[in-house]
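File shown: run.txt. Contents: compact mmCIF, C-alpha atoms.
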# COMPACT_ATOMS: atom_id res chain seq x y z
CA MET A 1 52.85 151.79 -203.96
CA ASN A 2 52.03 149.31 -201.21
CA GLU A 3 55.16 147.40 -200.26
CA LEU A 4 53.22 144.14 -200.14
CA SER A 5 52.37 144.46 -203.83
CA LEU A 6 56.00 144.48 -204.94
CA PRO A 7 57.04 141.29 -206.74
CA ARG A 8 59.48 139.06 -204.91
CA ARG A 9 63.04 139.19 -206.17
CA LEU A 10 63.90 136.18 -208.32
CA HIS A 11 66.70 134.99 -206.04
CA ASP A 12 64.30 134.99 -203.06
CA VAL A 13 61.94 132.51 -204.72
CA PRO A 14 62.60 128.85 -203.84
CA HIS A 15 63.17 126.51 -206.78
CA ARG A 16 63.44 122.75 -207.08
CA ARG A 17 67.08 122.04 -207.84
CA LEU A 18 69.61 119.23 -207.83
CA CYS A 19 72.11 119.47 -204.95
CA LEU A 20 75.47 117.73 -204.72
CA ALA A 21 78.16 117.44 -202.04
CA ALA A 22 81.64 115.96 -202.54
CA ASP A 23 83.65 115.41 -199.36
CA VAL A 24 87.27 114.22 -199.06
CA GLU A 25 87.72 111.33 -196.65
CA GLN A 26 90.26 111.81 -193.82
CA TYR A 27 91.27 115.23 -195.09
CA SER A 28 92.25 116.49 -191.62
CA ARG A 29 95.13 113.99 -191.45
CA LEU A 30 96.95 115.82 -194.25
CA ASP A 31 99.44 118.62 -193.69
CA THR A 32 98.87 122.12 -195.06
CA ARG A 33 100.70 121.58 -198.35
CA ALA A 34 98.90 118.30 -199.02
CA GLN A 35 95.52 119.84 -198.18
CA SER A 36 96.12 122.63 -200.69
CA ALA A 37 97.08 120.11 -203.39
CA VAL A 38 94.03 117.93 -202.66
CA GLN A 39 91.69 120.92 -202.92
CA THR A 40 93.19 121.82 -206.30
CA ASP A 41 92.85 118.24 -207.53
CA LEU A 42 89.27 117.93 -206.28
CA VAL A 43 88.17 121.01 -208.22
CA ARG A 44 90.01 119.82 -211.32
CA MET A 45 88.45 116.34 -211.19
CA LEU A 46 84.94 117.75 -210.71
CA ASP A 47 85.54 120.15 -213.62
CA GLU A 48 86.78 117.35 -215.89
CA ALA A 49 83.94 114.97 -214.98
CA ALA A 50 81.38 117.70 -215.65
CA LEU A 51 83.00 118.64 -218.96
CA LEU A 52 83.03 115.03 -220.16
CA THR A 53 79.36 114.69 -219.17
CA GLY A 54 78.35 117.89 -220.96
CA LEU A 55 77.57 119.82 -217.77
CA ASP A 56 78.42 123.50 -217.42
CA ARG A 57 80.29 123.86 -214.12
CA ALA A 58 80.32 127.64 -214.55
CA ALA A 59 76.55 127.59 -214.02
CA TRP A 60 76.80 125.68 -210.72
CA ALA A 61 76.23 127.70 -207.55
CA ARG A 62 79.21 126.38 -205.59
CA GLN A 63 80.08 126.67 -201.89
CA PRO A 64 83.69 125.50 -201.37
CA GLN A 65 84.38 124.42 -197.77
CA GLY A 66 87.98 123.24 -197.85
CA ASP A 67 87.65 119.46 -198.00
CA LEU A 68 84.08 119.66 -199.31
CA GLU A 69 82.29 121.28 -202.19
CA PHE A 70 78.54 121.80 -202.02
CA ALA A 71 76.85 122.80 -205.26
CA VAL A 72 73.37 123.67 -206.47
CA LEU A 73 72.98 122.79 -210.15
CA PRO A 74 70.89 124.70 -212.71
CA GLU A 75 67.20 123.87 -213.01
CA ALA A 76 67.66 122.46 -216.52
CA THR A 77 70.22 119.87 -215.38
CA GLU A 78 69.36 116.32 -216.44
CA GLU A 79 69.41 114.31 -213.22
CA ALA A 80 70.17 111.01 -214.95
CA SER A 81 73.34 112.48 -216.49
CA VAL A 82 74.63 113.44 -213.03
CA LEU A 83 73.81 110.11 -211.37
CA GLY A 84 75.12 108.10 -214.32
CA PRO A 85 77.87 109.50 -216.61
CA PHE A 86 79.10 112.22 -214.21
CA VAL A 87 79.64 109.70 -211.40
CA GLN A 88 81.37 107.31 -213.81
CA HIS A 89 83.73 110.00 -215.12
CA LEU A 90 84.50 111.15 -211.59
CA ALA A 91 85.37 107.59 -210.54
CA VAL A 92 87.79 107.30 -213.48
CA ARG A 93 89.40 110.67 -212.70
CA LEU A 94 89.93 109.57 -209.10
CA ARG A 95 91.42 106.24 -210.13
CA ASP A 96 93.81 107.85 -212.62
CA ARG A 97 94.93 110.46 -210.10
CA ASN A 98 95.48 107.95 -207.32
CA THR A 99 97.73 105.79 -209.49
CA ARG A 100 100.29 108.59 -209.57
CA LEU A 101 103.20 108.32 -207.18
CA ALA A 102 104.15 110.83 -204.48
CA VAL A 103 100.65 112.30 -204.07
CA PRO A 104 98.29 111.75 -201.14
CA ARG A 105 95.40 109.52 -202.07
CA VAL A 106 92.01 111.18 -202.52
CA ARG A 107 88.88 109.23 -201.59
CA LEU A 108 85.48 110.85 -201.93
CA ARG A 109 82.03 110.59 -200.40
CA LEU A 110 79.45 111.95 -202.85
CA ALA A 111 75.82 112.75 -201.96
CA VAL A 112 73.06 113.87 -204.33
CA ASP A 113 69.47 114.93 -203.68
CA THR A 114 66.83 117.10 -205.28
CA GLY A 115 64.34 119.44 -203.64
CA VAL A 116 63.44 122.99 -202.75
CA VAL A 117 66.37 125.42 -202.56
CA ALA A 118 66.37 129.14 -201.82
CA ASP A 119 69.24 131.61 -201.84
CA ALA A 120 70.20 132.77 -198.36
CA ALA A 121 72.66 135.12 -196.70
CA LEU A 122 75.24 132.38 -196.06
CA GLY A 123 74.58 130.33 -199.19
CA HIS A 124 71.42 128.30 -199.59
CA ALA A 125 68.45 127.26 -197.49
CA GLY A 126 65.85 124.53 -197.88
CA PRO A 127 65.33 120.82 -197.29
CA ALA A 128 67.58 119.65 -200.13
CA PRO A 129 70.79 121.38 -198.95
CA VAL A 130 70.19 120.08 -195.43
CA ALA A 131 69.52 116.54 -196.66
CA VAL A 132 72.67 116.46 -198.80
CA ALA A 133 74.77 117.62 -195.84
CA ARG A 134 73.33 114.79 -193.75
CA TYR A 135 73.63 112.11 -196.45
CA VAL A 136 77.30 112.85 -197.15
CA ASN A 137 78.05 112.33 -193.43
CA ALA A 138 76.05 109.11 -193.09
CA HIS A 139 77.97 106.58 -191.00
CA GLN A 140 77.09 103.87 -193.56
CA LEU A 141 78.84 105.84 -196.31
CA ARG A 142 81.95 106.23 -194.15
CA ALA A 143 81.77 102.55 -193.23
CA VAL A 144 81.91 101.29 -196.81
CA LEU A 145 85.00 103.39 -197.55
CA ALA A 146 86.62 102.14 -194.36
CA ALA A 147 85.89 98.51 -195.23
CA LEU A 148 86.48 98.66 -199.01
CA THR A 149 89.98 100.04 -198.81
CA VAL A 150 90.63 99.93 -202.56
CA ALA A 151 87.54 102.01 -203.35
CA ASP A 152 88.07 105.67 -204.26
CA LEU A 153 84.43 106.77 -204.39
CA ALA A 154 81.24 106.02 -202.44
CA VAL A 155 77.98 107.55 -203.65
CA ILE A 156 74.68 108.01 -201.87
CA VAL A 157 71.51 109.29 -203.53
CA SER A 158 68.24 110.15 -201.85
CA ASP A 159 65.32 107.76 -201.97
CA ARG A 160 63.48 110.33 -204.10
CA LEU A 161 66.18 110.28 -206.77
CA TYR A 162 66.50 106.51 -206.63
CA GLN A 163 62.77 105.97 -207.16
CA ASP A 164 62.33 108.70 -209.80
CA VAL A 165 65.60 108.46 -211.75
CA VAL A 166 67.74 105.41 -210.97
CA ARG A 167 64.90 102.90 -211.27
CA SER A 168 64.05 104.31 -214.70
CA GLY A 169 67.43 103.12 -215.96
CA GLY A 170 69.67 104.81 -218.48
CA PRO A 171 73.41 105.09 -219.16
CA GLY A 172 75.33 104.22 -216.02
CA LEU A 173 72.17 103.59 -213.99
CA ASP A 174 71.56 100.07 -212.68
CA PRO A 175 69.14 99.96 -209.72
CA ALA A 176 70.55 96.58 -208.65
CA GLN A 177 73.92 98.20 -207.87
CA TYR A 178 72.48 100.30 -205.04
CA VAL A 179 71.96 99.27 -201.42
CA ARG A 180 69.38 100.98 -199.23
CA ALA A 181 70.47 102.61 -195.96
CA HIS A 182 68.51 104.31 -193.21
CA VAL A 183 70.41 107.53 -192.50
CA GLN A 184 70.11 109.30 -189.15
CA VAL A 185 72.32 112.36 -188.66
CA LYS A 186 71.70 115.39 -186.42
CA GLY A 187 67.95 114.92 -186.13
CA PHE A 188 67.55 114.08 -189.84
CA GLY A 189 66.16 110.70 -190.78
CA GLY A 190 65.62 109.33 -194.27
CA TYR A 191 66.44 106.52 -196.66
CA GLY A 192 69.34 106.76 -199.08
CA TRP A 193 70.83 104.37 -201.63
CA ILE A 194 74.57 103.66 -201.65
CA ARG A 195 76.67 102.58 -204.59
CA VAL A 196 80.43 102.03 -204.76
CA PRO A 197 81.72 101.94 -208.37
CA GLY A 198 83.77 98.81 -208.97
CA HIS A 199 82.25 96.90 -206.05
CA THR A 200 79.26 94.59 -205.85
CA PRO A 201 76.13 95.31 -203.81
CA ASP A 202 76.97 92.33 -201.59
CA GLU A 203 80.31 93.91 -200.70
CA VAL A 204 78.58 97.19 -199.90
CA ARG A 205 75.88 95.43 -197.86
CA SER A 206 78.46 93.49 -195.85
CA SER A 207 80.44 96.66 -195.13
CA MET A 208 77.31 98.39 -193.88
CA ALA A 209 76.30 95.42 -191.71
CA GLU A 210 79.68 95.39 -189.97
CA ALA A 211 79.53 99.11 -189.19
CA PRO A 212 78.64 99.94 -185.57
CA GLU A 213 75.74 102.30 -185.00
CA PRO A 214 76.92 105.81 -184.09
CA LEU A 215 76.64 106.86 -180.46
CA PRO A 216 73.81 109.30 -179.70
CA SER A 217 74.78 112.95 -179.62
CA PRO A 218 75.42 114.24 -176.08
CA GLU A 219 73.43 117.33 -177.04
CA GLY A 220 70.30 115.34 -177.76
CA ARG A 221 67.44 114.94 -175.30
CA ALA A 222 66.69 111.66 -173.63
CA PRO A 223 63.95 109.95 -175.63
CA SER A 224 60.43 110.27 -174.31
CA ARG A 225 58.03 107.36 -174.31
CA THR A 226 55.24 109.70 -175.35
CA THR A 227 57.03 111.57 -178.16
CA LEU A 228 55.36 110.73 -181.47
CA SER A 229 56.69 113.55 -183.62
CA GLN A 230 57.98 111.67 -186.66
CA HIS A 231 56.33 111.74 -190.05
CA VAL A 232 57.55 110.60 -193.46
CA HIS A 233 57.38 112.85 -196.51
CA GLN A 234 58.66 111.71 -199.91
CA GLY A 235 61.05 109.15 -198.47
CA ALA A 236 62.42 111.29 -195.62
CA ALA A 237 61.48 110.90 -191.98
CA VAL A 238 60.92 114.34 -190.49
CA GLY A 239 61.23 114.78 -186.74
CA GLY A 240 62.46 112.44 -184.06
CA ASP A 241 62.14 108.68 -183.93
CA VAL A 242 59.22 107.08 -182.16
CA HIS A 243 60.33 105.56 -178.87
CA GLY A 244 58.37 103.25 -176.58
CA GLY A 245 55.04 101.57 -177.16
CA LEU A 246 52.33 102.69 -179.52
CA THR A 247 48.65 101.92 -178.86
CA VAL A 248 46.28 101.87 -181.82
CA GLY A 249 42.71 102.78 -180.90
CA LEU A 250 41.10 104.66 -178.05
CA PRO A 251 43.09 104.89 -174.82
CA LEU A 252 41.99 102.79 -171.89
CA PRO A 253 40.26 104.77 -169.11
CA LEU A 254 42.35 105.45 -166.02
CA PRO A 255 41.24 103.60 -162.85
CA LEU A 256 39.22 105.66 -160.36
CA PRO A 257 41.11 106.65 -157.21
CA LEU A 258 40.31 104.75 -154.02
CA PRO A 259 38.37 106.70 -151.33
CA PRO A 260 40.45 107.93 -148.38
CA PRO A 261 40.33 105.85 -145.20
CA PRO A 262 38.00 107.09 -142.40
CA THR A 263 39.63 109.44 -139.91
CA GLY A 264 36.96 109.58 -137.10
CA PRO A 265 36.92 107.39 -133.96
CA ALA A 266 35.60 103.89 -134.39
CA ARG A 267 32.16 103.16 -132.82
Please express the file's structure as structure tokens.
Amino acid sequence: MNELSLPRRLHDVPHRRLCLAADVEQYSRLDTRAQSAVQTDLVRMLDEAALLTGLDRAAWARQPQGDLEFAVLPEATEEASVLGPFVQHLAVRLRDRNTRLAVPRVRLRLAVDTGVVADAALGHAGPAPVAVARYVNAHQLRAVLAALTVADLAVIVSDRLYQDVVRSGGPGLDPAQYVRAHVQVKGFGGYGWIRVPGHTPDEVRSSMAEAPEPLPSPEGRAPSRTTLSQHVHQGAAVGGDVHGGLTVGLPLPLPLPLPPPPTGPAR
């Protein structure tokens, strides 16, 4: 049989899935014992929030990374239940845990997006896993936790999810509670929407406005005035930013070079 006629294995076929990343703020400041306890508590709180929402955590494809858990949820997952009730239950679990004495406080950055995902040798590949990794490290998300010191959870959802799910409303979903942010991390550019449970949009907006822009990566190239490689697809800017001027219309013709001066003897 011709090898090209063989059907592709199911796990090689990309699917549109919901992706989620939960990252512990300032985890590296903890000692080894505290880090181990925080990891245990993070898994427990995610399990409890999922159980209370009616989500089957056993069906999540999870990639633990110490202070962060990345997960790809089953195709049948109701997106509104994750963005609404799951986030609410997680916020309550965090608050209850952090009221206990003699435990290090756990504060979370949570990012959610949906898109194409494929299984890969080291986990998952596709635009959605990359976007979630960038959203969860957005400097605006870190800034609101730094400014709103009593907050335990800061959530960012992609523009796609905000437009398709949040704006439709539902339990725990109020579009007015989200603040838009332009996220630029490691060559990724796109719009996300930030919400901090228990805090007003004005508080979130003020925290973002006070945050300094991150310094450019030393590994990046110097911007070119002629680089026009950015395009926007479903709310995400793909490619680099446009730097310098942009002329709309046909380019102006270059001036003709002047003739060289005469070299012979003057008469």
note - CA of Val24 in chain A and CA of Ala50 in chain A are separated by 17.9 Å
Under the rule that only C-alpha atoms are counted, which of A:Arg195, A:Pro74, A:His15, A:Arg180 is the nearest residue to Ala125 in chain A?
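Ranking A:Arg195, A:Pro74, A:His15, A:Arg180 by distance to Ala125 in chain A, first place goes to A:His15.
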Using all atoms listed in the file and a cutoff of 12 Å, can you tell me which residues are near (60.1, 123.4, -213.2) in the file's coordinates, and write them out as a PDB file with C-alpha atoms, in the frame of the given file?
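Below is the file result_20.pdb, written as the result:
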ATOM      1  CA  PRO A  14      62.600 128.850-203.840  1.00  0.00           C
ATOM      2  CA  HIS A  15      63.170 126.510-206.780  1.00  0.00           C
ATOM      3  CA  ARG A  16      63.440 122.750-207.080  1.00  0.00           C
ATOM      4  CA  ARG A  17      67.080 122.040-207.840  1.00  0.00           C
ATOM      5  CA  LEU A  18      69.610 119.230-207.830  1.00  0.00           C
ATOM      6  CA  PRO A  74      70.890 124.700-212.710  1.00  0.00           C
ATOM      7  CA  GLU A  75      67.200 123.870-213.010  1.00  0.00           C
ATOM      8  CA  ALA A  76      67.660 122.460-216.520  1.00  0.00           C
ATOM      9  CA  THR A  77      70.220 119.870-215.380  1.00  0.00           C
ATOM     10  CA  GLY A 115      64.340 119.440-203.640  1.00  0.00           C
ATOM     11  CA  VAL A 116      63.440 122.990-202.750  1.00  0.00           C
TER      12      VAL A 116
END
Just the number, please: distance in Å from CA of Gly126 in chain A to CA of Val112 in chain A, one decimal.
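Answer for the CA of Gly126 in chain A to CA of Val112 in chain A separation: 14.4 Å.
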Near Gly198 in chain A, counting all atoms listed in the file, which residues have an atom at most 10 Å away, once you skip same-chain residues fewer than 5 positions from it, shown as a PyMOL selection string?
chain A and resi 91+150-153+177
Could you give me, as a list in words, the residues within 12 Å of Asn137 in chain A, counting all atoms listed in the file and dropping anything in the same chain fewer than 5 positions from it?
Ala21, Ala22, Asp23, Val24, Glu25, Leu68, Leu108, Arg109, Leu110, Ala111, Val130, Ala131, Val132, Arg142, Ala143, Ala154, Val155, Ile156, Val183, Gln184, Val185, Lys186, Phe188, Gly192 and Pro214 of chain A
Can you pull out every residue within 6 Å of range 78-89 of chain A, counting all atoms listed in the file, but drop anything in the same chain fewer than 3 positions away, and send it as a PyMOL selection string?
chain A and resi 49+53+92+171-173
Work out how far CA of Val43 in chain A is from CA of Ala120 in chain A, in Å to one decimal.
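Taking CA of Ala120 in chain A as the start and CA of Val43 in chain A as the end point, the length is 23.6 Å.
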From the list A:Ser168, A:Ala176, A:Arg97, A:Val144, which residue is nearest Ser206 in chain A when using only C-alpha atoms?
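Among the listed residues, the smallest separation from Ser206 in chain A belongs to A:Val144.
Proximity to Glu210 in chain A was assessed for A:Gln163, A:Gln140, A:Gln65, A:Gln35 counting only C-alpha atoms; the smallest distance is recorded for A:Gln140.
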Using only C-alpha atoms, which of the listed residues (A:Ala71, A:Leu51, A:Leu90, A:Val166) sits closest to His124 in chain A?
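The closest residue to His124 in chain A is A:Ala71.
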Spatial neighbours of Ala102 in chain A, max dist 12 Å, all atoms listed in the file, sep filter under 3 positions, as a list in words
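Everything that qualifies: Ala34, Ala37, Arg97, Asn98, Thr99 and Arg105 of chain A.
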From the list A:Asp31, A:Asp41, A:Asp113, A:Asp119, which residue is nearest Gln63 in chain A when using all atoms listed in the file?
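Of the candidates, the smallest distance to Gln63 in chain A is held by A:Asp119.
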Using only C-alpha atoms, which of the listed residues (A:Tyr27, A:Gly54, A:Met45, A:Ala61) sits closest to Leu94 in chain A?
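Comparing A:Tyr27, A:Gly54, A:Met45, A:Ala61 against Leu94 in chain A, the winner is A:Met45.
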